[in-house]
Protein chains: 2
Amino acid sequence: MAPRKITIIDIAKRLNISKSTVSRALSNHHSIGLRTKMRVTQLASELNYEPDNRAIFFKQRKTYLIGLILPSFSNTFFASIVSGIEDIAYQKKYTLLLGQSRDDQEREKSIVETMKDHRVDGMLISISKNTTSYEHFKLLEKNNIPVVFIDRIPEMQNIHFIACKLENGMIEAVNFLVKKGHNIIGLINGPENLSASKERYSAYLKALRKNKIKPDKKLITCSDLTMEGNIEASKKLLALTRRPTAIITFNDYVALDAIDYCKRQKIKIDEDISFVSFANEAICNYMDHPPIASVEQFPYQQGQKATEMLLHILEEPNPESEKTLNNLLLPSQLVVRRTS
Amino acid sequence: MAPRKITIIDIAKRLNISKSTVSRALSNHHSIGLRTKMRVTQLASELNYEPDNRAIFFKQRKTYLIGLILPSFSNTFFASIVSGIEDIAYQKKYTLLLGQSRDDQEREKSIVETMKDHRVDGMLISISKNTTSYEHFKLLEKNNIPVVFIDRIPEMQNIHFIACKLENGMIEAVNFLVKKGHNIIGLINGPENLSASKERYSAYLKALRKNKIKPDKKLITCSDLTMEGNIEASKKLLALTRRPTAIITFNDYVALDAIDYCKRQKIKIDEDISFVSFANEAICNYMDHPPIASVEQFPYQQGQKATEMLLHILEEPNPESEKTLNNLLLPSQLVVRRTS
DNA sequence: CTGTTAGCGCCTTCAC
DNA sequence: GTGAAGGCGCTAACAG
């Protein structure tokens, strides 16, 4: 049991006044005499009195806590999301509760429950790539805890979410490569259950068709986004007799592993093969042979918008009956890297 | 005001029993009849009853919340610290409150206050590189909120902390370079007020002396760790008439900027100049010319140890009078990169 | 076995 | 201007 701290009752006793007076004095209520107000604030600071927010929030049935669950923080994409979220939340006096799912559905579930138990006012979630059951999210709905999903969205009805529209980025990517003369363009996609993968996939097909290129199933593969998976996928595409001259990857990290693999196989980057990826990670600018272009997904902005959306929902407690859905798709954008 | 949720009182009323009975039934107290226990749990789940942890913690004067403040999450060093922390905290049912100081003292201060207001049980802090006043940390002490500092430690007396001992790493680094034939070895250090910088500095001098190399002030410079600062520092060292053949940098990111600068100046990496750095960031393995060696600082382990330390303090509420100090210095370790 | 009561720290009517 | 009383949701000491 933590040690007791100074409360308004302690102050009241010492001053021989009632706790309500102390309360009012501290919150600068107009109907309190200047003298008592002074005495109270004086003593309060002497005793190092600190109001207990929890008691207040408790009464208000509010915590000013937002639960945030991401697969991981180790890549800068998610780190940027966090920054965007934090900047908005911080302004509005909300604090973030943090959890990494590690792409583990059970862990995600358990974190959701913990945060629910902490009575967070709302949640921001980017789902794990292995999440296939959505029971834990429905639990939140039951508990009237609003959720805004970010970037990795579950396939559920009636949810709030924000994501980056990948279709246009993928089309720009394909167009870019075609313009450079490529017509055998491979795709290393992400886990199939992610909506982000499905979106890339269909946009890829659409873009090829627009460019009158017949899709070749052999040129399409998936990775689980581990280094091993990335290398495995690269191996598969590069071993084809009809080898691609360009590959579009799920994100920059996949591309980096693929490029590394090529180098070890003495396949020359930007000559034998070119890479275009997603995420536009800044670290790639330090590479000698980064992907020549990358689709920017604006993680910082996604984080900001998601938070604004959530706060909007929180501040506007409209009746259940007319629950309005909030969702937003920011357009992505192909960024061509400066050639060094 | 958030909507009211089901409470034990609601259950008690419907069942015509007292709320204490409900409370006991729910927490599986031995002295409750099986029948009532059944009825209670039954109704509870029907009504989607969810206990309010806050009321419980409120009584216990505990929150199971740990405040975490880091300069940023965008670099993987801090991301690893977070992972280490989270893994331990998660096991012990503690949840993390998150804040980024952005290396801004005022922001750090304000986050500390917010977390104090949320009555976190304890805090883990890696201080901002611009923090020079420690008032906000003393405030925490006054409030009996224990703090364990991680990696970036303020120069205060009587604090708990964990860091990585850099002296041995720096000495290994210098020895390594000397063995490779270098005797003009530069240093790009970090902000001077960081203890981590001071430690590198004195270890650097010590190591040179051990190797009978006379230190040259011109070969030592500092960066504020921004890209501009890193480049500025590189410029300065490389413009020397007695140009270093090797440079040790504060961390990998500094080295990357320096290497980038060299390349643009047509200074050949690993021929004209070699780099050794700190942090051993995995991303460097993708580079064509990463620093040839880097001092591993074990951020994940630091995070783990810090959390264990904090939890130990929390669970062992020994009287103020005999407050024991906890601190730990993990040894660092020079890691030589595979040459590709 | 179960009910009553009190209290965690604060705010907020309602009185005077 | 100030005090008294009640309640937020829950647990626990004390009675039966």
# chains A, B, ... in the order shown; residues from 1 in each chain; ligands from 1
>>> select_by_dssp(residues="range 78-216 of chain A", states="helix (DSSP H, G or I)", output="JSON, numbers by chain")
{"A": [78, 79, 80, 81, 82, 83, 84, 85, 86, 87, 88, 89, 90, 91, 105, 106, 107, 108, 109, 110, 111, 112, 113, 114, 115, 116, 117, 135, 136, 137, 138, 139, 140, 141, 142, 166, 167, 168, 169, 170, 171, 172, 173, 174, 175, 176, 177, 178, 179, 195, 196, 197, 198, 199, 200, 201, 202, 203, 204, 205, 206, 207, 208, 209, 210]}
>>> write_last_selection(atoms="C-alpha atoms", output="PDB file, in the first residue's frame")
ATOM      1  CA  PHE A  78       5.097   3.276 -36.326  1.00  0.00           C
ATOM      2  CA  ALA A  79       7.336   5.653 -34.420  1.00  0.00           C
ATOM      3  CA  SER A  80       6.056   8.452 -36.636  1.00  0.00           C
ATOM      4  CA  ILE A  81       2.496   7.408 -35.994  1.00  0.00           C
ATOM      5  CA  VAL A  82       3.184   7.632 -32.279  1.00  0.00           C
ATOM      6  CA  SER A  83       4.627  11.108 -32.664  1.00  0.00           C
ATOM      7  CA  GLY A  84       1.602  12.322 -34.548  1.00  0.00           C
ATOM      8  CA  ILE A  85      -0.687  10.883 -31.928  1.00  0.00           C
ATOM      9  CA  GLU A  86       1.281  12.238 -29.038  1.00  0.00           C
ATOM     10  CA  ASP A  87       1.429  15.745 -30.406  1.00  0.00           C
ATOM     11  CA  ILE A  88      -2.331  16.037 -30.629  1.00  0.00           C
ATOM     12  CA  ALA A  89      -3.079  14.159 -27.426  1.00  0.00           C
ATOM     13  CA  TYR A  90      -0.581  16.246 -25.501  1.00  0.00           C
ATOM     14  CA  GLN A  91      -2.234  19.491 -26.564  1.00  0.00           C
ATOM     15  CA  GLN A 105      -3.099 -11.872 -31.379  1.00  0.00           C
ATOM     16  CA  GLU A 106      -3.243 -13.164 -27.817  1.00  0.00           C
ATOM     17  CA  ARG A 107      -1.033 -10.416 -26.567  1.00  0.00           C
ATOM     18  CA  GLU A 108      -3.108  -7.844 -28.412  1.00  0.00           C
ATOM     19  CA  LYS A 109      -6.203  -9.239 -26.790  1.00  0.00           C
ATOM     20  CA  SER A 110      -4.718  -9.153 -23.335  1.00  0.00           C
ATOM     21  CA  ILE A 111      -3.507  -5.579 -23.760  1.00  0.00           C
ATOM     22  CA  VAL A 112      -6.954  -4.535 -24.894  1.00  0.00           C
ATOM     23  CA  GLU A 113      -8.386  -5.986 -21.709  1.00  0.00           C
ATOM     24  CA  THR A 114      -5.852  -4.313 -19.490  1.00  0.00           C
ATOM     25  CA  MET A 115      -6.570  -0.987 -21.068  1.00  0.00           C
ATOM     26  CA  LYS A 116     -10.271  -1.542 -20.774  1.00  0.00           C
ATOM     27  CA  ASP A 117      -9.721  -2.265 -17.094  1.00  0.00           C
ATOM     28  CA  GLU A 135     -13.757 -10.535 -30.372  1.00  0.00           C
ATOM     29  CA  HIS A 136     -11.599  -8.250 -28.299  1.00  0.00           C
ATOM     30  CA  PHE A 137     -12.564  -5.266 -30.385  1.00  0.00           C
ATOM     31  CA  LYS A 138     -16.221  -6.083 -30.023  1.00  0.00           C
ATOM     32  CA  LEU A 139     -15.656  -6.193 -26.288  1.00  0.00           C
ATOM     33  CA  LEU A 140     -14.610  -2.565 -26.435  1.00  0.00           C
ATOM     34  CA  GLU A 141     -17.741  -1.664 -28.295  1.00  0.00           C
ATOM     35  CA  LYS A 142     -19.802  -3.332 -25.598  1.00  0.00           C
ATOM     36  CA  LEU A 166      -2.518   2.820 -51.378  1.00  0.00           C
ATOM     37  CA  GLU A 167      -4.150   2.357 -54.716  1.00  0.00           C
ATOM     38  CA  ASN A 168      -2.971   5.594 -56.237  1.00  0.00           C
ATOM     39  CA  GLY A 169       0.537   5.106 -54.836  1.00  0.00           C
ATOM     40  CA  MET A 170       0.779   1.645 -56.317  1.00  0.00           C
ATOM     41  CA  ILE A 171      -0.455   2.870 -59.666  1.00  0.00           C
ATOM     42  CA  GLU A 172       2.058   5.692 -59.645  1.00  0.00           C
ATOM     43  CA  ALA A 173       4.739   3.165 -58.772  1.00  0.00           C
ATOM     44  CA  VAL A 174       3.872   0.884 -61.670  1.00  0.00           C
ATOM     45  CA  ASN A 175       3.559   3.789 -64.085  1.00  0.00           C
ATOM     46  CA  PHE A 176       6.916   5.057 -62.959  1.00  0.00           C
ATOM     47  CA  LEU A 177       8.558   1.708 -63.618  1.00  0.00           C
ATOM     48  CA  VAL A 178       6.852   1.245 -66.949  1.00  0.00           C
ATOM     49  CA  LYS A 179       8.029   4.654 -68.027  1.00  0.00           C
ATOM     50  CA  SER A 195      -6.171  -5.276 -45.829  1.00  0.00           C
ATOM     51  CA  ALA A 196      -3.079  -3.296 -46.742  1.00  0.00           C
ATOM     52  CA  SER A 197      -1.814  -6.318 -48.669  1.00  0.00           C
ATOM     53  CA  LYS A 198      -5.080  -6.857 -50.449  1.00  0.00           C
ATOM     54  CA  GLU A 199      -5.167  -3.255 -51.469  1.00  0.00           C
ATOM     55  CA  ARG A 200      -1.659  -3.363 -52.859  1.00  0.00           C
ATOM     56  CA  TYR A 201      -2.497  -6.541 -54.697  1.00  0.00           C
ATOM     57  CA  SER A 202      -5.570  -5.300 -56.490  1.00  0.00           C
ATOM     58  CA  ALA A 203      -4.003  -1.954 -57.276  1.00  0.00           C
ATOM     59  CA  TYR A 204      -1.012  -3.753 -58.727  1.00  0.00           C
ATOM     60  CA  LEU A 205      -3.239  -5.750 -61.019  1.00  0.00           C
ATOM     61  CA  LYS A 206      -5.208  -2.691 -61.993  1.00  0.00           C
ATOM     62  CA  ALA A 207      -2.057  -0.738 -62.768  1.00  0.00           C
ATOM     63  CA  LEU A 208      -0.627  -3.490 -64.919  1.00  0.00           C
ATOM     64  CA  ARG A 209      -3.850  -3.722 -66.870  1.00  0.00           C
ATOM     65  CA  LYS A 210      -3.872   0.008 -67.429  1.00  0.00           C
TER      66      LYS A 210
END
>>> interface_residues(of="chain D", to="chain A", cutoff="8 Å", atoms="only C-alpha atoms (C1' of nucleotides)", output="PyMOL selection string")
chain D and resi 1-3+8
>>> closest_residue(among="B:Lys62, B:Ile184, B:Leu43, B:Thr7", to="chain C", atoms="only C-alpha atoms (C1' of nucleotides)")
B:Lys62
>>> interface_residues(of="chain A", to="chain B", cutoff="7 Å", atoms="only C-alpha atoms", output="list of chain:residue names")
A:Met1, A:Ala2, A:Asp52, A:Asn53, A:Arg54, A:Gln60, A:Arg61, A:Lys62, A:Phe73, A:Ser74, A:Thr76, A:Ala79, A:Ser80, A:Thr95, A:Leu96, A:Leu97, A:Leu98, A:Asp117, A:His118, A:Leu256, A:Asp260, A:Tyr286, A:Met287, A:Asp288
>>> select_by_dssp(residues="range 37-83 of chain B", states="strand (DSSP E or B)", output="list in words")
Leu65, Ile66, Gly67, Leu68, Ile69 and Leu70 of chain B
>>> write_last_selection(atoms="C-alpha atoms", output="PDB file, in the first residue's frame")
ATOM      1  CA  LEU B  65       0.821   2.698 -14.072  1.00  0.00           C
ATOM      2  CA  ILE B  66       4.448   3.439 -14.876  1.00  0.00           C
ATOM      3  CA  GLY B  67       5.337   6.710 -16.514  1.00  0.00           C
ATOM      4  CA  LEU B  68       7.930   6.498 -19.261  1.00  0.00           C
ATOM      5  CA  ILE B  69       9.621   9.559 -20.690  1.00  0.00           C
ATOM      6  CA  LEU B  70      12.125   9.316 -23.482  1.00  0.00           C
TER       7      LEU B  70
END
>>> residues_around(residues="Phe161 in chain A", least_positions_apart="4", cutoff="10 Å", atoms="only C-alpha atoms (C1' of nucleotides)", output="list in words")
Leu124, Ile125, Ser126, Val147, Val148, Phe149, Ile150, Asp151, Arg152, Ile153, Pro154, Gln302, Lys305, Ala306, Met309, Leu310, Leu325, Asn326, Asn327, Leu328 and Leu329 of chain A
>>> residues_around(residues="Ser23 in chain A", least_positions_apart="3", cutoff="8 Å", atoms="only C-alpha atoms (C1' of nucleotides)", output="PyMOL selection string")
(chain A and resi 8+19-20+26-27) or (chain C and resi 10-11)
>>> interface_residues(of="chain C", to="chain B", cutoff="7 Å", atoms="only C-alpha atoms (C1' of nucleotides)", output="ChimeraX atom specification")
/C:1-3,8
>>> atom_distance(atom1="CA of Ser294 in chain B", atom2="CA of Ala279 in chain B")
6.3 Å
>>> decode(residues="range 193-221 of chain B", atoms="N, CA and C atoms", output="mmCIF file, in the first residue's frame")
data_model
loop_
_atom_site.group_PDB
_atom_site.id
_atom_site.type_symbol
_atom_site.label_atom_id
_atom_site.label_comp_id
_atom_site.auth_asym_id
_atom_site.auth_seq_id
_atom_site.Cartn_x
_atom_site.Cartn_y
_atom_site.Cartn_z
ATOM 1 N N ASN B 193 26.575 18.497 -22.073
ATOM 2 C CA ASN B 193 25.961 18.341 -20.746
ATOM 3 C C ASN B 193 25.503 16.913 -20.455
ATOM 4 N N LEU B 194 25.526 16.067 -21.463
ATOM 5 C CA LEU B 194 25.144 14.676 -21.213
ATOM 6 C C LEU B 194 26.280 13.935 -20.526
ATOM 7 N N SER B 195 25.944 13.220 -19.496
ATOM 8 C CA SER B 195 26.979 12.452 -18.807
ATOM 9 C C SER B 195 27.578 11.438 -19.777
ATOM 10 N N ALA B 196 26.746 10.966 -20.685
ATOM 11 C CA ALA B 196 27.224 10.002 -21.674
ATOM 12 C C ALA B 196 28.345 10.593 -22.524
ATOM 13 N N SER B 197 28.278 11.897 -22.767
ATOM 14 C CA SER B 197 29.341 12.541 -23.540
ATOM 15 C C SER B 197 30.614 12.649 -22.711
ATOM 16 N N LYS B 198 30.417 13.045 -21.475
ATOM 17 C CA LYS B 198 31.590 13.204 -20.606
ATOM 18 C C LYS B 198 32.331 11.890 -20.440
ATOM 19 N N GLU B 199 31.532 10.850 -20.321
ATOM 20 C CA GLU B 199 32.153 9.546 -20.130
ATOM 21 C C GLU B 199 32.959 9.123 -21.355
ATOM 22 N N ARG B 200 32.357 9.351 -22.523
ATOM 23 C CA ARG B 200 33.080 9.029 -23.748
ATOM 24 C C ARG B 200 34.378 9.831 -23.815
ATOM 25 N N TYR B 201 34.258 11.084 -23.467
ATOM 26 C CA TYR B 201 35.402 11.977 -23.565
ATOM 27 C C TYR B 201 36.573 11.503 -22.710
ATOM 28 N N SER B 202 36.286 11.240 -21.452
ATOM 29 C CA SER B 202 37.409 10.882 -20.577
ATOM 30 C C SER B 202 37.963 9.497 -20.915
ATOM 31 N N ALA B 203 37.064 8.626 -21.350
ATOM 32 C CA ALA B 203 37.537 7.296 -21.732
ATOM 33 C C ALA B 203 38.416 7.376 -22.981
ATOM 34 N N TYR B 204 38.035 8.272 -23.868
ATOM 35 C CA TYR B 204 38.808 8.483 -25.099
ATOM 36 C C TYR B 204 40.225 8.931 -24.750
ATOM 37 N N LEU B 205 40.314 9.905 -23.859
ATOM 38 C CA LEU B 205 41.629 10.396 -23.444
ATOM 39 C C LEU B 205 42.441 9.286 -22.787
ATOM 40 N N LYS B 206 41.787 8.582 -21.912
ATOM 41 C CA LYS B 206 42.445 7.494 -21.193
ATOM 42 C C LYS B 206 43.001 6.448 -22.165
ATOM 43 N N ALA B 207 42.161 6.121 -23.135
ATOM 44 C CA ALA B 207 42.550 5.092 -24.101
ATOM 45 C C ALA B 207 43.740 5.541 -24.943
ATOM 46 N N LEU B 208 43.707 6.803 -25.328
ATOM 47 C CA LEU B 208 44.830 7.303 -26.125
ATOM 48 C C LEU B 208 46.110 7.214 -25.310
ATOM 49 N N ARG B 209 46.019 7.671 -24.080
ATOM 50 C CA ARG B 209 47.198 7.648 -23.211
ATOM 51 C C ARG B 209 47.745 6.234 -23.080
ATOM 52 N N LYS B 210 46.852 5.309 -22.858
ATOM 53 C CA LYS B 210 47.277 3.913 -22.738
ATOM 54 C C LYS B 210 48.044 3.460 -23.963
ATOM 55 N N ASN B 211 47.637 4.030 -25.099
ATOM 56 C CA ASN B 211 48.301 3.653 -26.340
ATOM 57 C C ASN B 211 49.434 4.598 -26.710
ATOM 58 N N LYS B 212 49.828 5.402 -25.746
ATOM 59 C CA LYS B 212 50.931 6.357 -25.951
ATOM 60 C C LYS B 212 50.681 7.324 -27.102
ATOM 61 N N ILE B 213 49.429 7.665 -27.290
ATOM 62 C CA ILE B 213 49.129 8.657 -28.318
ATOM 63 C C ILE B 213 48.788 9.960 -27.622
ATOM 64 N N LYS B 214 49.380 11.027 -28.063
ATOM 65 C CA LYS B 214 49.130 12.305 -27.420
ATOM 66 C C LYS B 214 47.819 12.881 -27.946
ATOM 67 N N PRO B 215 46.873 13.157 -27.044
ATOM 68 C CA PRO B 215 45.594 13.712 -27.492
ATOM 69 C C PRO B 215 45.787 15.065 -28.164
ATOM 70 N N ASP B 216 44.992 15.336 -29.157
ATOM 71 C CA ASP B 216 45.046 16.607 -29.881
ATOM 72 C C ASP B 216 43.658 17.232 -29.813
ATOM 73 N N LYS B 217 43.575 18.369 -29.170
ATOM 74 C CA LYS B 217 42.274 19.014 -28.966
ATOM 75 C C LYS B 217 41.515 19.244 -30.262
ATOM 76 N N LYS B 218 42.255 19.503 -31.312
ATOM 77 C CA LYS B 218 41.599 19.779 -32.593
ATOM 78 C C LYS B 218 40.830 18.572 -33.115
ATOM 79 N N LEU B 219 41.237 17.422 -32.641
ATOM 80 C CA LEU B 219 40.599 16.195 -33.133
ATOM 81 C C LEU B 219 39.305 15.857 -32.393
ATOM 82 N N ILE B 220 38.969 16.708 -31.441
ATOM 83 C CA ILE B 220 37.778 16.433 -30.634
ATOM 84 C C ILE B 220 36.718 17.498 -30.882
ATOM 85 N N THR B 221 35.537 17.071 -31.214
ATOM 86 C CA THR B 221 34.477 18.048 -31.446
ATOM 87 C C THR B 221 33.133 17.485 -30.975
#
